[in-house]
>>> print(open('my_file.txt').read())   # compact mmCIF, C-alpha atoms
# COMPACT_ATOMS: atom_id res chain seq x y z
CA MET A 1052 2.50 37.35 40.04
CA ASN A 1053 2.05 35.42 36.77
CA THR A 1054 4.41 36.75 34.13
CA SER A 1055 4.29 33.80 31.72
CA GLY A 1056 1.63 35.43 29.53
CA TYR A 1057 3.65 38.65 29.31
CA THR A 1058 6.83 36.73 28.53
CA ILE A 1059 5.16 34.80 25.70
CA THR A 1060 3.62 37.96 24.27
CA LYS A 1061 6.95 39.80 24.40
CA LYS A 1062 8.70 36.86 22.73
CA GLN A 1063 6.07 36.74 19.98
CA ARG A 1064 6.47 40.46 19.36
CA THR A 1065 10.25 40.11 19.14
CA GLU A 1066 9.94 37.22 16.69
CA THR A 1067 7.44 39.18 14.59
CA LYS A 1068 9.80 42.16 14.46
CA GLN A 1069 12.68 39.91 13.42
CA ILE A 1070 10.58 38.41 10.63
CA LEU A 1071 9.49 41.84 9.43
CA VAL A 1072 13.05 43.21 9.47
CA THR A 1073 14.36 40.15 7.62
CA THR A 1074 11.58 40.44 5.04
CA ALA A 1075 12.31 44.14 4.57
CA ILE A 1076 16.03 43.54 4.03
CA ILE A 1077 15.29 40.77 1.51
CA LEU A 1078 12.91 43.06 -0.40
CA ILE A 1079 15.47 45.88 -0.53
CA LEU A 1080 18.38 43.66 -1.59
CA SER A 1081 16.34 41.72 -4.15
CA ALA A 1082 14.91 44.87 -5.74
CA ILE A 1083 17.88 44.92 -8.12
CA PHE A 1084 17.54 41.48 -9.70
CA ILE A 1085 13.99 40.20 -9.03
CA PRO A 1086 12.38 42.42 -11.74
CA ILE A 1087 14.81 41.04 -14.34
CA PHE A 1088 14.01 37.40 -13.56
CA LEU A 1089 10.32 37.80 -12.76
CA LEU A 1090 8.78 40.52 -14.91
CA SER A 1091 9.48 39.26 -18.44
CA PRO A 1092 8.56 35.58 -17.87
CA PHE A 1093 5.33 36.58 -16.12
CA GLN A 1094 4.28 38.94 -18.89
CA ALA A 1095 5.21 36.45 -21.61
CA GLN A 1096 3.08 33.82 -19.90
CA PHE A 1097 -0.03 35.87 -19.19
CA PHE A 1098 -0.09 38.86 -21.55
CA ARG A 1099 1.82 38.03 -24.74
CA PRO A 1100 -0.48 37.17 -27.66
CA GLU A 1101 0.63 34.78 -30.38
CA GLY A 1102 2.27 36.22 -33.47
CA THR A 1103 3.81 39.35 -31.94
CA TRP A 1104 6.83 40.82 -33.73
CA VAL A 1105 8.07 42.41 -30.54
CA PHE A 1106 6.75 42.13 -26.98
CA GLU A 1107 8.54 43.61 -23.98
CA ALA A 1108 8.26 45.62 -20.82
CA PRO A 1109 9.58 49.17 -21.16
CA LYS A 1110 12.72 49.95 -19.19
CA ALA A 1111 10.56 52.16 -16.96
CA ALA A 1112 8.62 49.06 -15.87
CA TYR A 1113 11.79 47.47 -14.44
CA VAL A 1114 12.85 50.71 -12.74
CA THR A 1115 9.38 51.22 -11.26
CA PHE A 1116 9.24 47.61 -10.06
CA SER A 1117 12.66 47.93 -8.37
CA ILE A 1118 11.88 51.23 -6.66
CA ALA A 1119 8.46 50.04 -5.47
CA LEU A 1120 9.89 46.77 -4.12
CA ALA A 1121 12.64 48.59 -2.23
CA SER A 1122 10.06 51.09 -0.94
CA MET A 1123 8.01 48.25 0.52
CA GLY A 1124 11.04 47.17 2.52
CA ILE A 1125 11.76 50.71 3.66
CA PHE A 1126 8.18 51.25 4.85
CA ILE A 1127 8.30 47.95 6.76
CA LEU A 1128 11.52 49.02 8.50
CA ALA A 1129 9.99 52.41 9.25
CA GLY A 1130 6.95 50.76 10.78
CA VAL A 1131 9.06 48.48 12.96
CA TRP A 1132 11.26 51.36 14.11
CA LEU A 1133 8.32 53.65 14.90
CA HIS A 1134 6.60 50.87 16.83
CA SER A 1135 9.77 50.05 18.81
CA ALA A 1136 10.38 53.71 19.59
CA GLU A 1137 6.75 54.06 20.74
CA LYS A 1138 6.28 56.86 18.24
CA PHE A 1139 3.72 55.02 16.17
CA GLY A 1140 1.01 57.66 16.29
CA ARG A 1141 -2.01 57.82 14.03
CA ILE A 1142 -0.42 60.08 11.44
CA ALA A 1143 2.80 58.05 11.29
CA LYS A 1144 0.80 54.83 11.13
CA PHE A 1145 -1.33 56.16 8.28
CA ILE A 1146 1.68 57.38 6.29
CA THR A 1147 3.57 54.11 6.75
CA VAL A 1148 0.63 51.87 5.86
CA ALA A 1149 -0.42 54.07 2.95
CA GLY A 1150 3.15 54.16 1.63
CA PHE A 1151 3.46 50.39 1.88
CA LEU A 1152 0.12 49.77 0.15
CA PHE A 1153 0.94 52.25 -2.62
CA SER A 1154 4.29 50.55 -3.17
CA LEU A 1155 2.61 47.14 -3.25
CA ALA A 1156 0.03 48.39 -5.76
CA THR A 1157 2.80 49.81 -7.93
CA VAL A 1158 4.63 46.46 -7.93
CA ILE A 1159 1.42 44.74 -9.05
CA LEU A 1160 0.77 47.34 -11.75
CA SER A 1161 4.32 46.92 -13.06
CA PHE A 1162 3.37 43.43 -14.22
CA ASP A 1163 0.71 45.04 -16.41
CA TYR A 1164 3.13 47.53 -18.01
CA TYR A 1165 4.19 46.39 -21.49
CA HIS A 1166 3.98 47.09 -25.22
CA TYR A 1167 4.06 45.11 -28.43
CA ILE A 1168 3.69 45.29 -32.21
CA ASP A 1169 2.08 42.70 -34.46
CA LYS A 1170 0.33 42.38 -37.82
CA ASN A 1171 -2.74 44.16 -36.42
CA GLY A 1172 -0.91 47.29 -35.26
CA VAL A 1173 0.55 48.90 -32.17
CA HIS A 1174 -0.48 47.96 -28.64
CA PHE A 1175 0.57 49.18 -25.20
CA ASN A 1176 -0.48 49.24 -21.58
CA THR A 1177 0.98 51.99 -19.42
CA LEU A 1178 1.70 51.81 -15.69
CA PHE A 1179 -1.50 53.24 -14.25
CA SER A 1180 -3.77 52.07 -17.05
CA LEU A 1181 -5.87 48.98 -16.39
CA LYS A 1182 -6.86 48.63 -20.05
CA GLU A 1183 -4.61 47.82 -22.98
CA LYS A 1184 -4.75 50.30 -25.87
CA HIS A 1185 -4.87 49.02 -29.44
CA TYR A 1186 -4.20 51.04 -32.57
CA ASN A 1187 -4.57 49.43 -35.98
CA TRP A 1188 -2.21 50.46 -38.77
CA PRO A 1189 -4.79 52.73 -40.46
CA GLU A 1190 -5.13 54.65 -37.18
CA ILE A 1191 -1.50 55.81 -37.30
CA LYS A 1192 -1.15 59.40 -38.46
CA HIS A 1193 2.63 59.91 -38.26
CA ALA A 1194 5.70 57.78 -37.56
CA ARG A 1195 9.11 59.15 -36.64
CA GLN A 1196 12.44 57.48 -36.09
CA THR A 1197 14.77 59.60 -34.02
CA VAL A 1198 18.55 59.37 -34.13
CA ILE A 1199 20.86 60.84 -31.51
CA ASN A 1200 24.46 61.96 -31.83
CA LYS A 1201 26.61 60.59 -29.03
CA MET A 1202 30.09 62.06 -29.21
CA GLY A 1203 30.03 62.05 -32.98
CA VAL A 1204 28.49 58.58 -33.30
CA MET A 1205 24.96 58.37 -34.67
CA SER A 1206 22.69 55.81 -33.00
CA ASP A 1207 19.01 54.92 -33.14
CA ASP A 1208 16.91 56.34 -30.33
CA GLU A 1209 13.13 55.89 -30.59
CA LEU A 1210 10.36 54.88 -32.95
CA ILE A 1211 7.51 57.29 -32.23
CA PHE A 1212 3.93 56.77 -33.36
CA THR A 1213 1.33 59.55 -33.42
CA PHE A 1214 -2.22 58.30 -33.77
CA LYS A 1215 -5.23 60.00 -35.29
CA ASP A 1216 -6.77 60.62 -31.86
CA GLY A 1217 -3.71 62.68 -30.86
CA THR A 1218 -2.09 60.02 -28.68
CA THR A 1219 1.67 59.55 -29.01
CA TYR A 1220 3.67 56.52 -27.97
CA ALA A 1221 7.41 55.84 -28.30
CA TYR A 1222 9.23 52.52 -28.58
CA PRO A 1223 12.94 52.59 -27.74
CA LEU A 1224 14.93 51.26 -30.69
CA ASN A 1225 16.59 48.41 -28.83
CA ASN A 1226 17.45 45.03 -30.33
CA ASN A 1227 13.92 43.68 -29.84
CA VAL A 1228 12.31 46.55 -31.73
CA ARG A 1229 15.01 46.51 -34.41
CA ASN A 1230 14.18 42.88 -35.13
CA ALA A 1231 10.60 43.94 -35.90
CA ARG A 1232 11.61 46.98 -37.95
CA ILE A 1233 11.28 45.46 -41.42
CA ALA A 1234 7.75 44.18 -40.82
CA THR A 1235 6.75 47.41 -39.07
CA TYR A 1236 8.09 49.68 -41.82
CA TYR A 1237 6.39 47.51 -44.45
CA GLU A 1238 3.00 47.95 -42.75
CA LEU A 1239 3.54 51.70 -42.44
CA GLU A 1240 4.32 51.94 -46.13
CA GLU A 1241 1.33 49.76 -47.06
CA HIS A 1242 -0.98 52.10 -45.15
CA GLY A 1243 0.50 55.28 -46.59
CA VAL A 1244 2.29 56.41 -43.42
CA GLU A 1245 5.55 58.16 -44.17
CA LEU A 1246 8.39 57.36 -41.80
CA ILE A 1247 10.22 60.55 -40.93
CA ARG A 1248 13.81 60.30 -39.69
CA GLU A 1249 14.93 62.99 -37.28
CA THR A 1250 18.25 63.75 -35.66
CA GLU A 1251 18.18 65.06 -32.11
>>> encode(input="my_file.txt", output="structure tokens")
Amino acid sequence: MNTSGYTITKKQRTETKQILVTTAIILILSAIFIPIFLLSPFQAQFFRPEGTWVFEAPKAAYVTFSIALASMGIFILAGVWLHSAEKFGRIAKFITVAGFLFSLATVILSFDYYHYIDKNGVHFNTLFSLKEKHYNWPEIKHARQTVINKMGVMSDDELIFTFKDGTTYAYPLNNNVRNARIATYYELEEHGVELIRETE
């Protein structure tokens, strides 16, 4: 009886499983720091126009990237386990593959999740939007700066724009946005948009 073919096939399957498990563990462990080192440089290289006052990925983009990357690893481990346990039925296979592909798509879409402000107005691209939205300064209807009270200490929270088409978008008032505040407030004033300050 010739068992060489079976032995080779079994060895190849074992090696494939080891590669998949290793890949999954790397994806899960790297989900914490890869978005920090990969997302911003990629977006700056491919999406950032010249002359922006502020350009960044929202915090949600990093969180989404991390969760989706870890999910890819989890679905790979689930697929390997189900296959090894001989429980890889059609439904389980569909759920695992669909989950992996959705996670992969979410990672890719995270690269396209950003916002910026420049002399032309306010621009943003949300997670599941494939088209960047542009609003010129005259298209802004209202602008609000919210302030929150944390244990008696007042701190900036968000800069919220409401546009004439009813759309609302909020920029967190982090250091990047603060650096663009003077130019942004000047443009709002020039176009007759009153900046309302609110305490939450």
>>> residues_around(input="my_file.txt", residues="Leu1160 of chain A", least_positions_apart="5", cutoff="10 Å", atoms="only C-alpha atoms", output="ChimeraX atom specification")
/A:1112,1115-1116,1154-1155,1177-1181
>>> closest_residue(input="my_file.txt", among="A:Leu1133, A:Val1105, A:Ile1127, A:Ala1234", to="Leu1152 of chain A", atoms="only C-alpha atoms")
A:Ile1127
>>> atom_distance(input="my_file.txt", atom1="atom CA of Arg1064 of chain A", atom2="atom CA of Ala1156 of chain A")
27.1 Å
>>> atom_distance(input="my_file.txt", atom1="atom CA of Thr1250 of chain A", atom2="atom CA of Met1202 of chain A")
13.6 Å
>>> atom_distance(input="my_file.txt", atom1="atom CA of Phe1153 of chain A", atom2="atom CA of Ile1079 of chain A")
16.0 Å
>>> residues_around(input="my_file.txt", residues="Ala1111 of chain A", least_positions_apart="3", cutoff="12 Å", atoms="all atoms listed in the file", output="PyMOL selection string")
chain A and resi 1086+1090+1107-1108+1114-1119+1161-1162+1164-1166+1177-1178+1222-1223
>>> residues_near_point(input="my_file.txt", point="(19.2, 62.1, -35.7)", cutoff="9 Å", atoms="only C-alpha atoms", output="list in words")
Gln1196, Thr1197, Val1198, Ile1199, Asn1200, Met1205, Ser1206, Asp1207, Asp1208, Arg1248, Glu1249, Thr1250 and Glu1251 of chain A
>>> residues_around(input="my_file.txt", residues="Phe1212 of chain A", least_positions_apart="3", cutoff="12 Å", atoms="only C-alpha atoms", output="PyMOL selection string")
chain A and resi 1168+1172-1175+1186-1197+1209+1215-1223+1235-1236+1239+1244-1247
>>> closest_residue(input="my_file.txt", among="A:Trp1104, A:Gln1094, A:Thr1157, A:Ser1122", to="Arg1229 of chain A", atoms="all atoms listed in the file")
A:Trp1104
>>> closest_residue(input="my_file.txt", among="A:Gly1124, A:Pro1109, A:Pro1092, A:Gly1102", to="Ile1077 of chain A", atoms="all atoms listed in the file")
A:Gly1124
>>> residues_around(input="my_file.txt", residues="Thr1147 of chain A", least_positions_apart="5", cutoff="8 Å", atoms="all atoms listed in the file", output="list in words")
Phe1126, Ile1127, Ala1129 and Gly1130 of chain A
>>> closest_residue(input="my_file.txt", among="A:Lys1170, A:Arg1099, A:His1134, A:Lys1110", to="Ile1233 of chain A", atoms="all atoms listed in the file")
A:Lys1170
>>> closest_residue(input="my_file.txt", among="A:Val1158, A:Glu1183, A:Asn1171, A:Glu1238", to="Leu1089 of chain A", atoms="all atoms listed in the file")
A:Val1158
>>> closest_residue(input="my_file.txt", among="A:Ile1125, A:Asp1163, A:Asn1225, A:Ile1211", to="Ser1091 of chain A", atoms="only C-alpha atoms")
A:Asp1163
>>> build_atoms(input="my_file.txt", residues="segment 1167-1178 of chain A", atoms="all heavy atoms", output="PDB file, in the coordinates of the input")
ATOM      1  N   TYR A1167       3.700  46.056 -27.377  1.00  0.00           N
ATOM      2  CA  TYR A1167       4.060  45.110 -28.430  1.00  0.00           C
ATOM      3  C   TYR A1167       3.544  45.594 -29.778  1.00  0.00           C
ATOM      4  O   TYR A1167       2.685  46.472 -29.870  1.00  0.00           O
ATOM      5  CB  TYR A1167       3.557  43.699 -28.120  1.00  0.00           C
ATOM      6  CG  TYR A1167       2.059  43.516 -28.038  1.00  0.00           C
ATOM      7  CD1 TYR A1167       1.316  43.082 -29.147  1.00  0.00           C
ATOM      8  CD2 TYR A1167       1.367  43.737 -26.841  1.00  0.00           C
ATOM      9  CE1 TYR A1167      -0.050  42.887 -29.071  1.00  0.00           C
ATOM     10  CE2 TYR A1167       0.003  43.543 -26.750  1.00  0.00           C
ATOM     11  CZ  TYR A1167      -0.705  43.113 -27.865  1.00  0.00           C
ATOM     12  OH  TYR A1167      -2.067  42.931 -27.782  1.00  0.00           O
ATOM     13  N   ILE A1168       4.096  44.990 -30.840  1.00  0.00           N
ATOM     14  CA  ILE A1168       3.690  45.290 -32.210  1.00  0.00           C
ATOM     15  C   ILE A1168       3.440  43.961 -32.913  1.00  0.00           C
ATOM     16  O   ILE A1168       4.207  43.003 -32.743  1.00  0.00           O
ATOM     17  CB  ILE A1168       4.802  46.074 -32.964  1.00  0.00           C
ATOM     18  CG1 ILE A1168       5.153  47.373 -32.225  1.00  0.00           C
ATOM     19  CG2 ILE A1168       4.355  46.400 -34.386  1.00  0.00           C
ATOM     20  CD1 ILE A1168       6.356  48.115 -32.821  1.00  0.00           C
ATOM     21  N   ASP A1169       2.363  43.903 -33.683  1.00  0.00           N
ATOM     22  CA  ASP A1169       2.080  42.700 -34.460  1.00  0.00           C
ATOM     23  C   ASP A1169       1.408  43.091 -35.778  1.00  0.00           C
ATOM     24  O   ASP A1169       1.352  44.278 -36.128  1.00  0.00           O
ATOM     25  CB  ASP A1169       1.213  41.715 -33.661  1.00  0.00           C
ATOM     26  CG  ASP A1169      -0.143  42.287 -33.284  1.00  0.00           C
ATOM     27  OD1 ASP A1169      -0.526  43.358 -33.809  1.00  0.00           O
ATOM     28  OD2 ASP A1169      -0.837  41.665 -32.452  1.00  0.00           O
ATOM     29  N   LYS A1170       0.913  42.124 -36.498  1.00  0.00           N
ATOM     30  CA  LYS A1170       0.330  42.380 -37.820  1.00  0.00           C
ATOM     31  C   LYS A1170      -0.915  43.269 -37.749  1.00  0.00           C
ATOM     32  O   LYS A1170      -1.308  43.864 -38.756  1.00  0.00           O
ATOM     33  CB  LYS A1170      -0.024  41.054 -38.494  1.00  0.00           C
ATOM     34  CG  LYS A1170      -1.100  40.261 -37.758  1.00  0.00           C
ATOM     35  CD  LYS A1170      -1.408  38.954 -38.464  1.00  0.00           C
ATOM     36  CE  LYS A1170      -2.485  38.181 -37.720  1.00  0.00           C
ATOM     37  NZ  LYS A1170      -2.817  36.902 -38.422  1.00  0.00           N
ATOM     38  N   ASN A1171      -1.524  43.349 -36.570  1.00  0.00           N
ATOM     39  CA  ASN A1171      -2.740  44.160 -36.420  1.00  0.00           C
ATOM     40  C   ASN A1171      -2.444  45.624 -36.090  1.00  0.00           C
ATOM     41  O   ASN A1171      -3.312  46.480 -36.236  1.00  0.00           O
ATOM     42  CB  ASN A1171      -3.636  43.572 -35.329  1.00  0.00           C
ATOM     43  CG  ASN A1171      -4.124  42.186 -35.695  1.00  0.00           C
ATOM     44  OD1 ASN A1171      -4.531  41.942 -36.822  1.00  0.00           O
ATOM     45  ND2 ASN A1171      -4.068  41.272 -34.738  1.00  0.00           N
ATOM     46  N   GLY A1172      -1.251  45.912 -35.593  1.00  0.00           N
ATOM     47  CA  GLY A1172      -0.910  47.290 -35.260  1.00  0.00           C
ATOM     48  C   GLY A1172      -0.040  47.428 -34.043  1.00  0.00           C
ATOM     49  O   GLY A1172       0.769  46.553 -33.720  1.00  0.00           O
ATOM     50  N   VAL A1173      -0.258  48.530 -33.322  1.00  0.00           N
ATOM     51  CA  VAL A1173       0.550  48.900 -32.170  1.00  0.00           C
ATOM     52  C   VAL A1173      -0.303  48.788 -30.904  1.00  0.00           C
ATOM     53  O   VAL A1173      -1.450  49.229 -30.883  1.00  0.00           O
ATOM     54  CB  VAL A1173       1.063  50.358 -32.330  1.00  0.00           C
ATOM     55  CG1 VAL A1173       1.826  50.804 -31.103  1.00  0.00           C
ATOM     56  CG2 VAL A1173       1.926  50.470 -33.584  1.00  0.00           C
ATOM     57  N   HIS A1174       0.275  48.209 -29.871  1.00  0.00           N
ATOM     58  CA  HIS A1174      -0.480  47.960 -28.640  1.00  0.00           C
ATOM     59  C   HIS A1174       0.399  48.293 -27.439  1.00  0.00           C
ATOM     60  O   HIS A1174       1.589  47.998 -27.433  1.00  0.00           O
ATOM     61  CB  HIS A1174      -0.905  46.495 -28.560  1.00  0.00           C
ATOM     62  CG  HIS A1174      -1.346  45.914 -29.865  1.00  0.00           C
ATOM     63  ND1 HIS A1174      -2.658  45.915 -30.266  1.00  0.00           N
ATOM     64  CD2 HIS A1174      -0.639  45.339 -30.871  1.00  0.00           C
ATOM     65  CE1 HIS A1174      -2.749  45.340 -31.466  1.00  0.00           C
ATOM     66  NE2 HIS A1174      -1.537  44.989 -31.847  1.00  0.00           N
ATOM     67  N   PHE A1175      -0.208  48.871 -26.410  1.00  0.00           N
ATOM     68  CA  PHE A1175       0.570  49.180 -25.200  1.00  0.00           C
ATOM     69  C   PHE A1175      -0.350  49.321 -23.998  1.00  0.00           C
ATOM     70  O   PHE A1175      -1.535  49.625 -24.123  1.00  0.00           O
ATOM     71  CB  PHE A1175       1.412  50.443 -25.389  1.00  0.00           C
ATOM     72  CG  PHE A1175       0.647  51.657 -25.825  1.00  0.00           C
ATOM     73  CD1 PHE A1175       0.068  52.518 -24.899  1.00  0.00           C
ATOM     74  CD2 PHE A1175       0.505  51.948 -27.182  1.00  0.00           C
ATOM     75  CE1 PHE A1175      -0.629  53.638 -25.309  1.00  0.00           C
ATOM     76  CE2 PHE A1175      -0.191  53.068 -27.598  1.00  0.00           C
ATOM     77  CZ  PHE A1175      -0.761  53.913 -26.663  1.00  0.00           C
ATOM     78  N   ASN A1176       0.220  49.069 -22.844  1.00  0.00           N
ATOM     79  CA  ASN A1176      -0.480  49.240 -21.580  1.00  0.00           C
ATOM     80  C   ASN A1176       0.459  49.971 -20.634  1.00  0.00           C
ATOM     81  O   ASN A1176       1.516  49.452 -20.282  1.00  0.00           O
ATOM     82  CB  ASN A1176      -0.871  47.881 -20.987  1.00  0.00           C
ATOM     83  CG  ASN A1176      -1.981  47.994 -19.954  1.00  0.00           C
ATOM     84  OD1 ASN A1176      -2.358  49.092 -19.562  1.00  0.00           O
ATOM     85  ND2 ASN A1176      -2.503  46.866 -19.521  1.00  0.00           N
ATOM     86  N   THR A1177       0.110  51.185 -20.268  1.00  0.00           N
ATOM     87  CA  THR A1177       0.980  51.990 -19.420  1.00  0.00           C
ATOM     88  C   THR A1177       0.800  51.632 -17.944  1.00  0.00           C
ATOM     89  O   THR A1177      -0.080  50.842 -17.596  1.00  0.00           O
ATOM     90  CB  THR A1177       0.705  53.493 -19.641  1.00  0.00           C
ATOM     91  OG1 THR A1177      -0.692  53.750 -19.448  1.00  0.00           O
ATOM     92  CG2 THR A1177       1.079  53.899 -21.065  1.00  0.00           C
ATOM     93  N   LEU A1178       1.622  52.215 -17.092  1.00  0.00           N
ATOM     94  CA  LEU A1178       1.700  51.810 -15.690  1.00  0.00           C
ATOM     95  C   LEU A1178       0.372  51.903 -14.954  1.00  0.00           C
ATOM     96  O   LEU A1178      -0.053  50.955 -14.306  1.00  0.00           O
ATOM     97  CB  LEU A1178       2.766  52.640 -14.965  1.00  0.00           C
ATOM     98  CG  LEU A1178       2.974  52.313 -13.485  1.00  0.00           C
ATOM     99  CD1 LEU A1178       3.433  50.882 -13.303  1.00  0.00           C
ATOM    100  CD2 LEU A1178       3.989  53.271 -12.875  1.00  0.00           C
TER     101      LEU A1178
END
